[in-house]
Amino acid sequence: MINAEQAHQMAQMRNRDLWVNDEINKIFKLIEESAKKGLHECKINITFKGAEDLYEVSTMLCMIANILEDNGFEHYVTLEGELVIQW
């Protein structure tokens with residue numbers, strides 16, 4: 001049997017994973033569209049839907065950063081808060 005804290009953590013992990021997968025799918029679609037236009041970078045604003053606090057936002061953004069890096073993309077955030085992805 002699991003306790004309430006374990007159930008809460010399981011739900012949080014599932015929601016975070018779904019949010020990250022949704023954002024990654026949007027990002028890779030935008031990368032593909034930009035590459036087909038002959039571009040070598042794209043800029044996007046990432047929304048923080050579903051995040052309860054800054055720690056959760058940072059965790060999700062680190063997950064996205066790791067996925068981008070694992071696929072050979074470079075990235076940085078501008079002073080205006082845009083995520084720039086380069087290839």
# chains A, B, ... in the order shown; residues from 1 in each chain; ligands from 1

call {"tool": "select_by_dssp", "arguments": {"residues": "chain A", "states": "alpha helix (DSSP H)", "output": "ChimeraX atom specification"}}
result
/A:4-36,54-70

call {"tool": "residues_around", "arguments": {"residues": "A:Glu80", "least_positions_apart": "5", "cutoff": "12 Å", "atoms": "only C-alpha atoms", "output": "PyMOL selection string"}}
result
chain A and resi 43-45

call {"tool": "closest_atom_pairs", "arguments": {"of": "stretch 44-83 of chain A", "to": "stretch 15-31 of chain A", "cutoff": "8 Å", "atoms": "only C-alpha atoms", "output": "Markdown table"}}
result
| residue | atom | partner | partner_atom | distance |
| --- | --- | --- | --- | --- |
| A:Ile44 | CA | A:Ile27 | CA | 7.9 |
| A:Ile46 | CA | A:Glu23 | CA | 7.7 |
| A:Lys49 | CA | A:Trp19 | CA | 7.8 |
| A:Gly50 | CA | A:Trp19 | CA | 7.5 |
| A:Ala51 | CA | A:Arg16 | CA | 8.0 |
| A:Met60 | CA | A:Val20 | CA | 6.4 |
| A:Met63 | CA | A:Val20 | CA | 7.4 |
| A:Ile64 | CA | A:Val20 | CA | 6.7 |

call {"tool": "closest_residue", "arguments": {"among": "A:Cys62, A:Tyr55, A:Leu39, A:Thr47", "to": "A:Trp87", "atoms": "only C-alpha atoms"}}
result
A:Leu39

call {"tool": "select_by_dssp", "arguments": {"residues": "chain A", "states": "strand (DSSP E)", "output": "PyMOL selection string"}}
result
chain A and resi 41-44+74-77+83-86

call {"tool": "write_last_selection", "arguments": {"atoms": "N, CA and C atoms", "output": "short mmCIF file (atom, residue, chain, number, x, y, z; two decimals), in the first residue's frame"}}
result
data_model
loop_
_atom_site.label_atom_id
_atom_site.label_comp_id
_atom_site.auth_asym_id
_atom_site.auth_seq_id
_atom_site.Cartn_x
_atom_site.Cartn_y
_atom_site.Cartn_z
N GLU A 41 18.43 28.23 -36.46
CA GLU A 41 18.00 28.43 -35.08
C GLU A 41 16.52 28.76 -35.04
N CYS A 42 15.94 28.61 -33.88
CA CYS A 42 14.57 29.04 -33.66
C CYS A 42 14.47 29.62 -32.26
N LYS A 43 13.49 30.48 -32.08
CA LYS A 43 13.26 31.12 -30.79
C LYS A 43 11.85 30.79 -30.34
N ILE A 44 11.72 30.44 -29.08
CA ILE A 44 10.40 30.11 -28.56
C ILE A 44 10.25 30.63 -27.13
N GLU A 74 22.26 23.18 -29.38
CA GLU A 74 22.75 24.16 -28.42
C GLU A 74 21.59 25.09 -28.09
N HIS A 75 21.62 25.68 -26.92
CA HIS A 75 20.52 26.56 -26.54
C HIS A 75 20.98 27.59 -25.51
N TYR A 76 20.27 28.69 -25.47
CA TYR A 76 20.48 29.71 -24.45
C TYR A 76 19.19 30.52 -24.33
N VAL A 77 19.10 31.31 -23.27
CA VAL A 77 17.94 32.15 -23.03
C VAL A 77 18.38 33.60 -23.18
N LEU A 83 13.81 31.33 -25.42
CA LEU A 83 14.73 30.19 -25.55
C LEU A 83 15.16 30.12 -27.01
N VAL A 84 16.46 30.20 -27.24
CA VAL A 84 17.01 30.11 -28.59
C VAL A 84 17.69 28.76 -28.72
N ILE A 85 17.27 28.01 -29.76
CA ILE A 85 17.82 26.69 -30.02
C ILE A 85 18.56 26.75 -31.34
N GLN A 86 19.81 26.26 -31.35
CA GLN A 86 20.62 26.32 -32.56
C GLN A 86 21.11 24.93 -32.95
#

call {"tool": "atom_distance", "arguments": {"atom1": "atom CA of A:Glu32", "atom2": "atom CA of A:Ser58"}}
result
25.4 Å

call {"tool": "atom_distance", "arguments": {"atom1": "atom CA of A:Leu61", "atom2": "atom CA of A:Lys36"}}
result
25.8 Å

call {"tool": "atom_distance", "arguments": {"atom1": "atom CA of A:Leu79", "atom2": "atom CA of A:Ala35"}}
result
24.1 Å
